[in-house]
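For reference, protein.cif is printed below; it contains mmCIF, C-alpha atoms.
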data_input
loop_
_atom_site.label_atom_id
_atom_site.label_comp_id
_atom_site.auth_asym_id
_atom_site.auth_seq_id
_atom_site.Cartn_x
_atom_site.Cartn_y
_atom_site.Cartn_z
CA MET A 268 -87.78 28.83 0.66
CA ARG A 269 -84.06 28.62 -0.18
CA THR A 270 -84.60 25.35 -2.07
CA ALA A 271 -87.73 26.72 -3.78
CA ASN A 272 -85.75 29.78 -4.90
CA ARG A 273 -82.98 27.59 -6.37
CA LEU A 274 -85.45 25.35 -8.22
CA ALA A 275 -87.40 28.36 -9.53
CA THR A 276 -84.14 29.99 -10.71
CA LEU A 277 -83.17 26.79 -12.54
CA LEU A 278 -86.60 26.76 -14.25
CA LEU A 279 -86.31 30.45 -15.14
CA ALA A 280 -82.82 29.88 -16.57
CA ALA A 281 -83.98 26.92 -18.67
CA ALA A 282 -87.02 28.88 -19.91
CA LEU A 283 -84.88 31.91 -20.83
CA LEU A 284 -82.35 29.73 -22.63
CA ALA A 285 -84.91 27.71 -24.60
CA GLY A 286 -87.25 30.66 -25.28
CA GLY A 287 -84.43 33.00 -26.26
CA ALA A 288 -82.86 30.45 -28.62
CA LEU A 289 -86.24 29.70 -30.20
CA LEU A 290 -87.01 33.42 -30.63
CA ALA A 291 -83.59 34.05 -32.21
CA VAL A 292 -83.93 31.15 -34.67
CA GLU A 293 -87.51 32.02 -35.64
CA ALA A 294 -86.67 35.71 -36.06
CA LEU A 295 -83.65 34.89 -38.27
CA LEU A 296 -85.80 32.57 -40.39
CA ALA A 297 -88.44 35.31 -40.72
CA ALA A 298 -85.76 37.84 -41.70
CA ALA A 299 -84.48 35.44 -44.37
CA GLY A 300 -88.01 34.90 -45.68
CA ARG A 301 -88.04 31.22 -44.73
CA ARG A 302 -90.89 29.24 -43.13
CA ALA A 303 -91.04 29.13 -39.32
CA LEU A 304 -89.75 25.97 -37.60
CA LEU A 305 -91.97 25.42 -34.56
CA VAL A 306 -94.08 28.52 -34.00
CA ASP A 307 -96.96 29.35 -36.30
CA THR A 308 -96.32 33.09 -36.31
CA ALA A 309 -99.22 33.86 -38.65
CA ALA A 310 -101.71 32.13 -36.34
CA TRP A 311 -100.24 33.90 -33.26
CA SER A 312 -100.35 37.24 -35.03
CA ALA A 313 -103.98 36.66 -36.11
CA ALA A 314 -105.00 35.60 -32.57
CA LEU A 315 -103.34 38.67 -31.00
CA GLY A 316 -104.93 40.81 -33.71
CA ARG A 317 -108.40 39.51 -32.74
CA THR A 318 -108.05 39.68 -28.94
CA ARG A 319 -109.21 42.95 -27.42
CA TRP A 320 -107.69 44.56 -24.32
CA ASP A 321 -111.06 44.37 -22.53
CA ASP A 322 -111.55 40.63 -23.18
CA PRO A 323 -112.15 38.41 -20.13
CA ILE A 324 -109.14 36.22 -21.08
CA VAL A 325 -106.85 39.27 -20.90
CA ARG A 326 -108.33 40.19 -17.50
CA ALA A 327 -107.80 36.62 -16.24
CA ALA A 328 -104.17 36.62 -17.40
CA ALA A 329 -103.54 40.04 -15.81
CA VAL A 330 -105.11 38.97 -12.50
CA ALA A 331 -103.05 35.74 -12.56
CA ALA A 332 -99.80 37.69 -13.17
CA LEU A 333 -100.71 40.20 -10.45
CA LEU A 334 -101.53 37.51 -7.88
CA LEU A 335 -98.42 35.47 -8.77
CA GLY A 336 -96.25 38.59 -8.42
CA LEU A 337 -97.81 39.55 -5.09
CA GLY A 338 -97.41 35.97 -3.82
CA ILE A 339 -93.71 35.83 -4.78
CA LEU A 340 -93.17 39.31 -3.33
CA ALA A 341 -94.75 38.34 0.00
CA ALA A 342 -92.69 35.12 0.14
CA GLU A 343 -89.42 36.92 -0.61
CA LEU A 344 -89.93 39.92 1.66
CA ARG A 345 -91.12 38.10 4.78
CA ARG A 346 -88.55 37.33 7.46
CA TRP A 347 -86.95 33.93 6.88
CA SER A 348 -85.89 31.56 9.63
CA PRO A 349 -82.09 31.58 9.82
CA ALA A 350 -80.35 28.54 8.30
CA ARG A 351 -78.03 28.31 11.31
CA LEU A 352 -78.12 29.30 14.94
CA ASP A 353 -75.38 31.37 16.53
CA ALA A 354 -73.76 29.53 19.43
CA GLY A 355 -71.18 32.27 20.10
CA GLY A 356 -67.46 32.54 19.37
CA GLY A 357 -67.77 32.04 15.62
CA TRP A 358 -69.52 28.72 16.19
CA HIS A 359 -72.89 27.98 14.58
CA LEU A 360 -75.25 25.04 14.57
CA HIS A 361 -77.34 24.09 11.56
CA ARG A 362 -80.89 24.92 12.64
CA ARG A 363 -82.69 22.01 10.97
CA SER A 364 -80.27 19.46 12.41
CA VAL A 365 -80.68 20.96 15.90
CA GLU A 366 -84.45 20.78 15.53
CA ARG A 367 -84.25 17.13 14.48
CA ARG A 368 -82.01 16.31 17.42
CA LEU A 369 -84.29 18.10 19.90
CA ALA A 370 -87.28 16.30 18.39
CA ALA A 371 -85.49 12.98 18.94
CA ALA A 372 -84.81 13.99 22.56
CA ALA A 373 -88.46 14.97 23.12
CA GLY A 374 -89.63 11.72 21.49
CA SER A 375 -87.42 9.68 23.83
CA VAL A 376 -89.69 10.57 26.79
CA PRO A 377 -91.96 7.53 27.45
CA GLY A 378 -95.48 8.03 26.10
CA VAL A 379 -94.49 10.94 23.83
CA GLY A 380 -94.49 10.56 20.06
CA ARG A 381 -94.48 12.47 16.77
CA ALA A 382 -92.40 15.29 18.22
CA ARG A 383 -91.71 18.33 16.07
CA VAL A 384 -89.47 21.15 17.23
CA ARG A 385 -89.00 24.68 15.92
CA VAL A 386 -86.16 26.79 17.27
CA ARG A 387 -86.40 30.55 17.09
CA ARG A 388 -83.89 33.16 18.04
CA ARG A 389 -84.86 35.25 21.05
CA GLY A 390 -82.21 37.92 21.67
CA ALA A 391 -78.91 36.13 22.21
CA GLY A 392 -80.58 32.84 23.17
CA TRP A 393 -82.80 30.28 21.47
CA ARG A 394 -86.47 29.58 22.09
CA PRO A 395 -87.47 25.96 21.27
CA ARG A 396 -91.10 25.10 20.71
CA VAL A 397 -92.10 21.44 20.91
CA VAL A 398 -95.34 19.99 19.52
CA ALA A 399 -95.90 16.28 20.11
CA THR A 400 -98.57 13.74 20.94
CA GLY A 401 -98.78 12.38 24.48
CA ASP A 402 -100.15 12.94 27.94
CA PRO A 403 -100.09 16.71 28.70
CA ALA A 404 -98.88 15.78 32.19
CA ALA A 405 -95.51 14.82 30.62
CA SER A 406 -94.79 18.43 29.54
CA ALA A 407 -92.25 19.01 32.30
CA GLU A 408 -90.36 15.82 31.37
CA VAL A 409 -90.27 16.82 27.70
CA ALA A 410 -89.02 20.31 28.60
CA PHE A 411 -86.33 18.73 30.79
CA ALA A 412 -85.22 16.34 28.00
CA VAL A 413 -85.01 19.22 25.51
CA ARG A 414 -83.12 21.40 27.98
CA GLN A 415 -80.64 18.57 28.62
CA GLU A 416 -80.06 18.15 24.90
CA LEU A 417 -79.54 21.89 24.50
CA HIS A 418 -77.00 21.71 27.29
CA ARG A 419 -75.20 18.90 25.43
CA LEU A 420 -75.16 21.09 22.32
CA ALA A 421 -73.66 23.94 24.37
CA ALA A 422 -76.52 26.19 23.28
CA PRO A 423 -76.53 29.77 24.56
CA CYS A 424 -78.78 30.34 27.58
CA THR A 425 -82.32 29.52 26.56
CA GLY A 426 -85.51 30.95 27.90
CA ARG A 427 -88.61 28.90 28.48
CA VAL A 428 -89.00 25.68 26.46
CA GLU A 429 -92.49 25.81 25.04
CA VAL A 430 -94.14 22.36 25.05
CA ARG A 431 -97.51 21.53 23.56
CA LEU A 432 -98.63 17.94 24.02
CA LEU A 433 -101.72 16.85 22.14
CA PRO A 434 -103.59 13.85 23.55
CA ARG A 435 -103.48 10.79 21.29
CA ARG A 436 -106.67 9.93 19.45
CA ARG A 437 -108.19 6.71 20.77
CA ALA A 438 -109.11 4.01 18.26
CA PRO A 439 -112.92 3.64 17.99
CA MET B 67 -75.55 32.20 -6.43
CA THR B 68 -76.04 33.25 -2.85
CA ASN B 69 -79.36 33.25 -1.04
CA ALA B 70 -79.38 37.06 -1.11
CA ALA B 71 -78.86 37.05 -4.90
CA HIS B 72 -81.78 34.62 -5.34
CA ARG B 73 -83.95 36.75 -3.13
CA LEU B 74 -83.09 39.90 -5.07
CA LEU B 75 -83.69 38.18 -8.43
CA TRP B 76 -87.14 36.93 -7.42
CA THR B 77 -88.11 40.25 -5.83
CA VAL B 78 -87.33 41.96 -9.16
CA VAL B 79 -89.28 39.27 -11.08
CA ALA B 80 -92.22 39.70 -8.68
CA LEU B 81 -92.19 43.50 -9.08
CA LEU B 82 -92.14 43.11 -12.89
CA LEU B 83 -95.10 40.71 -12.72
CA VAL B 84 -97.04 43.09 -10.44
CA ALA B 85 -96.31 46.06 -12.72
CA LEU B 86 -97.26 44.12 -15.88
CA GLY B 87 -100.39 42.56 -14.38
CA GLY B 88 -101.49 45.86 -12.81
CA THR B 89 -101.04 47.85 -16.02
CA VAL B 90 -102.86 45.31 -18.20
CA LEU B 91 -105.68 45.06 -15.63
CA ALA B 92 -106.00 48.87 -15.56
CA VAL B 93 -106.26 48.96 -19.37
CA ASN B 94 -108.74 46.06 -19.31
CA LEU B 95 -110.96 47.83 -16.76
CA GLY B 96 -110.82 51.12 -18.70
CA ARG B 97 -108.76 52.96 -16.05
CA LEU B 98 -106.06 53.56 -18.67
CA PRO B 99 -106.71 54.49 -22.34
CA GLY B 100 -106.59 51.85 -25.10
CA GLY B 101 -109.04 49.30 -23.72
CA ALA B 102 -111.18 49.28 -26.84
CA GLY B 103 -108.36 48.23 -29.22
CA VAL B 104 -106.78 44.85 -29.95
CA LEU B 105 -103.50 43.59 -28.43
CA LEU B 106 -101.60 43.68 -31.73
CA ASP B 107 -103.14 46.41 -33.84
CA ALA B 108 -102.16 47.79 -37.23
CA GLY B 109 -100.29 50.66 -35.58
CA LEU B 110 -97.82 48.15 -34.16
CA ARG B 111 -97.61 45.87 -37.22
CA ARG B 112 -97.03 48.59 -39.79
CA PRO B 113 -93.68 49.92 -38.45
CA PHE B 114 -92.47 46.32 -38.04
CA ARG B 115 -93.27 45.56 -41.69
CA LEU B 116 -91.76 48.84 -42.86
CA ALA B 117 -88.52 48.15 -40.97
CA ALA B 118 -88.15 44.63 -42.46
CA PRO B 119 -85.80 42.85 -42.15
CA TRP B 120 -84.35 44.97 -39.31
CA GLY B 121 -87.33 44.38 -37.02
CA ALA B 122 -86.87 40.61 -37.24
CA LEU B 123 -83.11 40.98 -36.75
CA ALA B 124 -83.71 43.14 -33.65
CA LEU B 125 -85.99 40.37 -32.34
CA ALA B 126 -83.22 37.83 -33.03
CA VAL B 127 -80.80 39.95 -30.99
CA VAL B 128 -83.34 40.08 -28.13
CA GLY B 129 -83.62 36.27 -28.33
CA VAL B 130 -79.83 35.81 -28.25
CA LEU B 131 -79.56 38.14 -25.22
CA ALA B 132 -82.33 36.22 -23.42
CA ALA B 133 -80.62 32.90 -24.20
CA LEU B 134 -77.27 34.24 -22.95
CA ALA B 135 -78.93 35.47 -19.74
CA GLY B 136 -80.48 32.01 -19.28
CA LEU B 137 -77.11 30.33 -19.90
CA TRP B 138 -75.35 32.62 -17.41
CA LEU B 139 -78.05 31.95 -14.79
CA LEU B 140 -77.87 28.19 -15.40
CA ARG B 141 -74.08 28.15 -15.06
CA ALA B 142 -74.20 30.27 -11.89
CA GLU B 143 -76.83 27.95 -10.40
CA LEU B 144 -75.21 24.65 -11.35
CA GLY B 145 -71.78 25.99 -10.39
CA ALA B 146 -73.07 26.88 -6.92
CA ALA B 147 -74.62 23.43 -6.50
CA ARG B 148 -71.51 21.60 -7.72
CA GLY B 149 -68.81 23.94 -6.57
CA ARG B 150 -68.02 22.87 -3.05
CA GLY B 151 -64.56 24.28 -3.65
CA TYR B 152 -61.86 24.99 -1.13
CA GLY B 153 -61.62 28.71 -1.82
CA THR B 154 -58.85 30.87 -3.25
CA LEU B 155 -56.21 32.95 -1.53
CA ALA B 156 -55.36 36.20 -3.26
CA HIS B 157 -52.39 38.45 -2.69
CA PRO B 158 -52.10 41.81 -4.45
CA GLY B 159 -48.62 42.60 -5.78
CA ARG B 160 -46.98 45.38 -7.75
CA ARG B 161 -47.66 43.68 -11.10
CA GLY B 162 -51.06 42.24 -10.49
CA ARG B 163 -52.57 39.73 -8.13
CA THR B 164 -51.39 36.24 -7.17
CA ARG B 165 -54.21 33.76 -6.76
CA LEU B 166 -53.71 30.39 -5.13
CA ALA B 167 -56.25 27.55 -5.04
CA ALA B 168 -56.46 26.55 -1.39
CA GLY B 169 -57.34 22.86 -1.96
CA ALA B 170 -53.95 21.46 -1.00
CA LEU B 171 -53.69 23.76 2.02
CA VAL B 172 -56.99 22.85 3.65
CA ARG B 173 -56.90 19.05 3.26
CA ALA B 174 -54.44 18.78 6.16
CA LEU B 175 -56.88 20.63 8.42
CA GLU B 176 -59.77 18.46 7.22
CA ARG B 177 -57.76 15.32 8.07
CA ASP B 178 -56.89 16.74 11.49
CA LEU B 179 -60.53 17.57 12.17
CA THR B 180 -61.83 14.13 11.16
CA GLY B 181 -59.14 12.52 13.34
CA ASP B 182 -61.70 12.79 16.14
CA PRO B 183 -64.36 10.05 15.77
CA ARG B 184 -67.05 12.53 16.79
CA ILE B 185 -66.61 14.36 13.47
CA ARG B 186 -67.86 12.29 10.56
CA ARG B 187 -66.95 14.74 7.84
CA ALA B 188 -65.27 18.14 7.58
CA HIS B 189 -65.10 20.69 4.80
CA VAL B 190 -62.82 23.71 4.99
CA VAL B 191 -62.78 26.78 2.76
CA LEU B 192 -59.91 29.24 2.90
CA THR B 193 -60.35 32.72 1.43
CA GLY B 194 -58.86 36.18 1.83
CA THR B 195 -55.21 37.24 1.90
CA PRO B 196 -52.43 34.87 3.09
CA PRO B 197 -51.19 36.39 6.37
CA ARG B 198 -54.74 36.83 7.72
CA PRO B 199 -57.01 34.44 5.77
CA ASP B 200 -60.66 33.72 6.49
CA LEU B 201 -61.36 30.15 7.55
CA TRP B 202 -64.80 28.65 6.95
CA ILE B 203 -65.32 25.22 8.48
CA ARG B 204 -68.29 22.92 8.18
CA VAL B 205 -68.32 19.78 10.31
CA GLU B 206 -70.80 16.91 10.44
CA VAL B 207 -71.07 15.75 14.00
CA ALA B 208 -71.95 12.14 14.88
CA ALA B 209 -75.21 11.50 16.70
CA GLY B 210 -75.27 12.13 20.43
CA THR B 211 -72.00 14.06 20.59
CA ARG B 212 -71.55 16.91 23.06
CA THR B 213 -70.60 19.93 21.02
CA ALA B 214 -68.99 21.58 24.05
CA GLY B 215 -66.00 19.20 23.93
CA LEU B 216 -65.96 19.39 20.17
CA ARG B 217 -65.35 23.11 20.12
CA GLU B 218 -62.09 22.58 21.94
CA HIS B 219 -61.04 19.94 19.42
CA VAL B 220 -61.82 22.26 16.48
CA ASP B 221 -60.10 25.21 18.17
CA SER B 222 -56.92 23.22 18.85
CA ALA B 223 -56.91 21.83 15.27
CA VAL B 224 -57.20 25.38 13.93
CA ARG B 225 -54.41 26.53 16.28
CA ARG B 226 -52.12 23.70 15.07
CA TYR B 227 -52.95 24.53 11.48
CA ALA B 228 -52.27 28.26 11.97
CA ASP B 229 -48.93 27.51 13.65
CA THR B 230 -47.88 25.18 10.81
CA MET B 231 -48.96 27.60 8.11
CA GLY B 232 -47.52 30.59 9.90
CA CYS B 233 -50.73 32.54 9.62
CA ARG B 234 -53.44 33.75 11.95
CA PRO B 235 -57.06 33.52 10.66
CA ALA B 236 -58.74 36.92 10.52
CA ARG B 237 -62.08 35.20 10.68
CA LEU B 238 -63.07 31.75 11.90
CA ASP B 239 -66.58 30.59 11.07
CA VAL B 240 -67.66 27.08 12.06
CA THR B 241 -71.00 25.48 11.21
CA ALA B 242 -71.84 22.16 12.80
CA HIS B 243 -74.47 19.78 11.46
CA VAL B 244 -75.54 17.52 14.28
CA ASP B 245 -76.99 14.10 13.50
CA SER B 246 -80.16 13.20 15.34
CA GLY B 247 -79.95 9.92 17.19
CA PRO B 248 -79.78 8.40 20.63
CA SER B 249 -77.66 10.41 23.06
CA ARG B 250 -74.49 8.84 24.40
#

Step by step, read the file and then write its structure as structure tokens.
Amino acid sequence: MRTANRLATLLLAAALLAGGALLAVEALLAAAGRRALLVDTAAWSAALGRTRWDDPIVRAAAVAALLLGLGILAAELRRWSPARLDAGGGWHLHRRSVERRLAAAAGSVPGVGRARVRVRRRGAGWRPRVVATGDPAASAEVAFAVRQELHRLAAPCTGRVEVRLLPRRRAP
Amino acid sequence: MTNAAHRLLWTVVALLLVALGGTVLAVNLGRLPGGAGVLLDAGLRRPFRLAAPWGALALAVVGVLAALAGLWLLRAELGAARGRGYGTLAHPGRRGRTRLAAGALVRALERDLTGDPRIRRAHVVLTGTPPRPDLWIRVEVAAGTRTAGLREHVDSAVRRYADTMGCRPARLDVTAHVDSGPSR
């Protein structure tokens, strides 16, 4: 979401800059009685003069703006995952990098592949959740490998390591 | 721009979109008056024509303000992406404020930190006031390293730095990026 916000802000800035400059130039040309450069103002004015407030196109545009606004609002107001995890004493670990490292540890267990890890904060500790493919009987080994890696990272005391192993699909 | 500033900006944009879309939809559905008219009716055009050329000049001013807002936003955004600066120390005096770019001061600490092979890269930012500055450290840790031992290395490097500089950090904030890879 942080990257999406930055990209969207860049787009908004470019649109404001280009649109504002175009509006200023066209308005100055109109004030001086000159012909417009890029925008056919007469055609726009005629189109807006023909379109009624109760037209379906106006309704579609309003619904699109409403849905877009509600979507952005929901995305911005929901609780975001923290970018870094507090390890105590002013020391933090970058969450994504920890997740990648724990995924590598889970994937190092024989017979386990495609491991993905999400780490959530639970009180003062962390709660890792592992999803991977492999024999469900290897869950304890995966949890042990993840716990060992957390110990190497000097992570604050963790609760249960949640492991979900999905059986591999057999080739037909 | 900070993450909080981005979040605030897009919350405001979203609220504006919801307000605009909701109002136009209410007019369209006949819940608000004016649904039978056209978007740009004679009542709107006439004052604009009567005020010529001031109406067009007012529009030009709106355009310039929008372009300036876009330029400011673009500079803030690109500056944040590019500006991995080293921070600035500021000290208020009787005749104003002394500001000191901290680049030269933090490079020694960065070199000390990367003296340990477990740290691939280090970036230090120094802010605040000189006797009690804030120290922000970001280290990239090599794959498979135990961060427990690393904390002691960072702490002793910071202690050495503070002793040399004759200051005591008011705040020490360390973020470690750990590489994924085989454990050693």

Contact residues around Val205 of chain B with only C-alpha atoms at 7 Å, ignoring same-chain residues under 5 positions, as a list in words: Ile185, Arg187, Ala188, His189, Thr241, Ala242 and His243 of chain B

Kindly save the residues from that selection, with C-alpha atoms included, as a PDB file, in the coordinates of the input.
ATOM      1  CA  ILE B 185     -66.610  14.360  13.470  1.00  0.00           C
ATOM      2  CA  ARG B 187     -66.950  14.740   7.840  1.00  0.00           C
ATOM      3  CA  ALA B 188     -65.270  18.140   7.580  1.00  0.00           C
ATOM      4  CA  HIS B 189     -65.100  20.690   4.800  1.00  0.00           C
ATOM      5  CA  THR B 241     -71.000  25.480  11.210  1.00  0.00           C
ATOM      6  CA  ALA B 242     -71.840  22.160  12.800  1.00  0.00           C
ATOM      7  CA  HIS B 243     -74.470  19.780  11.460  1.00  0.00           C
TER       8      HIS B 243
END

Considering all atoms listed in the file, state which residue in the set B:Ser246, B:Gly100, B:Ala167, B:Arg184 is at the smallest distance from chain A.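 Checking each of B:Ser246, B:Gly100, B:Ala167, B:Arg184 against chain A, counting all atoms listed in the file, the winner is B:Ser246.
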
Pick from A:His418, A:Arg301, A:Arg346, A:Arg383: nearest to Ala371 of chain A, with only C-alpha atoms counted?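 Of the candidates, the smallest distance to Ala371 of chain A is held by A:Arg383.
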
Could the residues of chain A within 6 Å of chain B, counting all atoms listed in the file, be given as a PyMOL selection string, please? chain A and resi 280+283-284+287-288+290-291+294+298+315-316+318-321+326+329+332-333+336+339-340+357-361+364+367-368+419-421

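Atom pair atom CA of Thr180 of chain B / atom CA of Leu192 of chain B has a distance of 17.3 Å (rounded to one decimal).
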
Picked residues, the PyMOL selection byres ((chain B and resi 224) around 10), expected as a list in words: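 Applying the expression gives Leu175, Glu176, Asp178, Leu179, Leu201, Ile203, Glu218, His219, Val220, Asp221, Ser222, Ala223, Arg225, Arg226, Tyr227, Ala228, Asp229, Thr230, Arg234, Pro235 and Leu238 of chain B.
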
Between B:Ala117, B:Leu110, B:Leu155, B:Met231, which is the closest to Pro196 of chain B once you count all atoms listed in the file?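 For Pro196 of chain B, the nearest of the given residues is B:Leu155.
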
What residues come out when you apply the PyMOL selection byres ((chain A and resi 382) around 7) to this file, written as an NGL selection string? :A and (370 or 373-374 or 380-381 or 383-384 or 397-400)

Give me, please, the distance in Å between atom CA of Asp402 of chain A and atom CA of Leu432 of chain A, quoted to one decimal.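 Separation of atom CA of Asp402 of chain A and atom CA of Leu432 of chain A: 6.5 Å.
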
In Å, how far is it from atom CA of Trp347 of chain A to atom CA of Arg431 of chain A? 23.3 Å

I'd like the residues picked by the PyMOL selection byres ((chain B and resi 198) around 8) written out as a PDB file with C-alpha atoms, in the frame of the given file, using the chain letters and numbers from the file.
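Full text of out-v9.pdb as output:
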ATOM      1  CA  GLY B 194     -58.860  36.180   1.830  1.00  0.00           C
ATOM      2  CA  THR B 195     -55.210  37.240   1.900  1.00  0.00           C
ATOM      3  CA  PRO B 196     -52.430  34.870   3.090  1.00  0.00           C
ATOM      4  CA  PRO B 197     -51.190  36.390   6.370  1.00  0.00           C
ATOM      5  CA  PRO B 199     -57.010  34.440   5.770  1.00  0.00           C
ATOM      6  CA  ASP B 200     -60.660  33.720   6.490  1.00  0.00           C
ATOM      7  CA  CYS B 233     -50.730  32.540   9.620  1.00  0.00           C
ATOM      8  CA  ARG B 234     -53.440  33.750  11.950  1.00  0.00           C
ATOM      9  CA  PRO B 235     -57.060  33.520  10.660  1.00  0.00           C
ATOM     10  CA  ALA B 236     -58.740  36.920  10.520  1.00  0.00           C
TER      11      ALA B 236
END

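Between Leu433 of chain A and the residues A:Ala412, A:Val365, A:Ala285, A:Ala405, the shortest atom-to-atom distance, using only C-alpha atoms, involves A:Ala405.
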
Regenerate segment 284-301 of chain A at the level of N, CA, C and O atoms and dump it as a CSV table (one decimal), in the frame of the given file.
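Saved result, result35.csv, follows:
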chain,number,residue,atom,x,y,z
A,284,LEU,N,-83.3,30.3,-21.6
A,284,LEU,CA,-82.4,29.7,-22.6
A,284,LEU,C,-83.1,29.2,-23.8
A,284,LEU,O,-82.8,29.5,-25.0
A,285,ALA,N,-84.1,28.3,-23.5
A,285,ALA,CA,-84.9,27.7,-24.6
A,285,ALA,C,-85.7,28.7,-25.4
A,285,ALA,O,-85.7,28.8,-26.6
A,286,GLY,N,-86.4,29.6,-24.6
A,286,GLY,CA,-87.2,30.7,-25.3
A,286,GLY,C,-86.4,31.6,-26.1
A,286,GLY,O,-86.8,32.0,-27.2
A,287,GLY,N,-85.3,32.1,-25.5
A,287,GLY,CA,-84.4,33.0,-26.3
A,287,GLY,C,-83.9,32.4,-27.5
A,287,GLY,O,-83.9,33.0,-28.6
A,288,ALA,N,-83.4,31.1,-27.4
A,288,ALA,CA,-82.9,30.4,-28.6
A,288,ALA,C,-83.9,30.3,-29.7
A,288,ALA,O,-83.7,30.5,-30.9
A,289,LEU,N,-85.1,29.9,-29.2
A,289,LEU,CA,-86.2,29.7,-30.2
A,289,LEU,C,-86.6,31.0,-30.9
A,289,LEU,O,-86.8,31.1,-32.1
A,290,LEU,N,-86.7,32.1,-30.1
A,290,LEU,CA,-87.0,33.4,-30.6
A,290,LEU,C,-85.9,33.9,-31.6
A,290,LEU,O,-86.3,34.3,-32.7
A,291,ALA,N,-84.7,33.6,-31.3
A,291,ALA,CA,-83.6,34.0,-32.2
A,291,ALA,C,-83.7,33.3,-33.5
A,291,ALA,O,-83.6,33.9,-34.6
A,292,VAL,N,-83.9,32.0,-33.5
A,292,VAL,CA,-83.9,31.2,-34.7
A,292,VAL,C,-85.1,31.5,-35.5
A,292,VAL,O,-85.0,31.8,-36.7
A,293,GLU,N,-86.3,31.7,-34.9
A,293,GLU,CA,-87.5,32.0,-35.6
A,293,GLU,C,-87.4,33.4,-36.3
A,293,GLU,O,-87.8,33.6,-37.4
A,294,ALA,N,-86.8,34.4,-35.5
A,294,ALA,CA,-86.7,35.7,-36.1
A,294,ALA,C,-85.7,35.7,-37.2
A,294,ALA,O,-85.9,36.4,-38.2
A,295,LEU,N,-84.6,35.0,-37.2
A,295,LEU,CA,-83.6,34.9,-38.3
A,295,LEU,C,-84.3,34.3,-39.5
A,295,LEU,O,-84.1,34.7,-40.6
A,296,LEU,N,-85.1,33.2,-39.3
A,296,LEU,CA,-85.8,32.6,-40.4
A,296,LEU,C,-86.8,33.5,-41.0
A,296,LEU,O,-86.9,33.6,-42.3
A,297,ALA,N,-87.5,34.3,-40.2
A,297,ALA,CA,-88.4,35.3,-40.7
A,297,ALA,C,-87.7,36.4,-41.5
A,297,ALA,O,-88.2,36.8,-42.6
A,298,ALA,N,-86.5,36.8,-41.0
A,298,ALA,CA,-85.8,37.8,-41.7
A,298,ALA,C,-85.3,37.3,-43.1
A,298,ALA,O,-85.2,38.1,-44.0
A,299,ALA,N,-85.0,36.0,-43.1
A,299,ALA,CA,-84.5,35.4,-44.4
A,299,ALA,C,-85.6,35.0,-45.3
A,299,ALA,O,-85.4,34.5,-46.4
A,300,GLY,N,-86.9,35.2,-44.9
A,300,GLY,CA,-88.0,34.9,-45.7
A,300,GLY,C,-88.3,33.4,-45.7
A,300,GLY,O,-89.0,32.9,-46.6
A,301,ARG,N,-87.8,32.7,-44.8
A,301,ARG,CA,-88.0,31.2,-44.7
A,301,ARG,C,-89.3,30.9,-43.9
A,301,ARG,O,-89.7,31.8,-43.1
